[in-house]
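Notes follow once the structure below has been shown.
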Amino acid sequence: MFITLGTGIGSGIIINGKIWKGFHHIGAELGHMILELDGYPCTCGNHGCVEQYCSATALIRMAREQVAIHPDSLILSLAEGDPMKITAKTVFDAVHEGDFIAERVFRRYVSYLSQMVAGVINLLDH
């Protein structure tokens, strides 16, 4: 199993040396497994998909939500006061500088990411 994190979630499974394609020949769509019931709407039409919580896009959204509540966060300062300039790197940089809000956003992101990885491990190992 491999998982890529970017603007979305990429994934694939190799079984016995062959790429697993699934019934519809689209392989592993890990990004569209439901992680949070009644969660954020996804581009696929569902709500609460992994992609809405574990992608870089999700991390940016979470950071923007928090700076709207906590405008004194270093995240916003690093983004030159413009929430639209927040990137995943902005969040990581603020975490490295010890910003409490950035750390809270990052912990939430890692919590969702850990939940997703644990689900995959359980799926493939049990």
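Residue numbering restarts at 1 for every chain of the structure tokens, chains are lettered A, B, ... in their displayed order, and ligands are numbered from 1 as they appear.
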Q. Where does DSSP see helix (DSSP H, G or I) in segment 15-125 of chain A, if you list the residues as a PyMOL selection string?
A. chain A and resi 30-32+51-54+56-69+74-78+83-85+88-96+100-125
Q: Could you find all residues in chain A that DSSP calls strand (DSSP E) from the backbone, and write them as a list in words?
A: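 These are the residues in question: Phe2, Ile3, Thr4, Leu5, Ile9, Gly10, Ser11, Gly12, Ile14, Ile15, Lys18 and Ile19 of chain A.
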**Q.** Residues within 6 Å of segment 85-94 of chain A, only C-alpha atoms, excluding chain neighbours under 6 positions, as a list in words
**A.** Ala56, Ile60, Leu74, Ile75, Ala79 and Ala102 of chain A
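Nearest to Leu113 of chain A of all the residues A:Ser77, A:Ser55, A:Asn46, A:Thr7 is A:Ser55, counting only C-alpha atoms.
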Q. Between A:Leu37, A:Leu78, A:Val105, A:Ala28, which is the closest to Met62 of chain A once you count only C-alpha atoms?
A.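 Of all the options, A:Val105 lies closest to Met62 of chain A.
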Q | From A:Phe2, A:Phe23, A:Phe100, A:Tyr112, residue lying nearest Leu59 of chain A [only C-alpha atoms] | A |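 Checking each of A:Phe2, A:Phe23, A:Phe100, A:Tyr112 against Leu59 of chain A, counting only C-alpha atoms, the winner is A:Tyr112.
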Q) Given the choices A:Gly48, A:Gly81, A:Pro71, A:Gly98, which gets closest to Gly31 of chain A if the distance is worked out from only C-alpha atoms? A)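 The answer is A:Gly48, which sits nearest to Gly31 of chain A.
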Q. To one decimal place, how far is atom CA of Ile101 of chain A from atom CA of Asp72 of chain A in Å?
A.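 Taking atom CA of Ile101 of chain A as the start and atom CA of Asp72 of chain A as the end point, the length is 9.2 Å.
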Q | Atomic separation - atom CA of Ile34 of chain A relative to atom CA of Ile14 of chain A, Å | A |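 Value for the atom CA of Ile14 of chain A-atom CA of Ile34 of chain A distance: 22.1 Å.
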Q) Neighbours of Thr43 of chain A within 10 Å (only C-alpha atoms; same-chain residues fewer than 4 positions away dropped), as a list in words? A)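 Within the cut-off, the hits are His32, His47, Cys49, Glu51 and Gln52 of chain A.
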Q. Please, what distance in Å, to one decimal, runs between atom CA of Pro41 of chain A and atom CA of Leu124 of chain A?
A. 27.1 Å
Q: Tell me which of A:Met33, A:Ile3, A:Ile26, A:Cys54 sits closest to Ser111 of chain A, counting only C-alpha atoms.
A: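 Of A:Met33, A:Ile3, A:Ile26, A:Cys54, the one nearest Ser111 of chain A, counting only C-alpha atoms, is A:Cys54.
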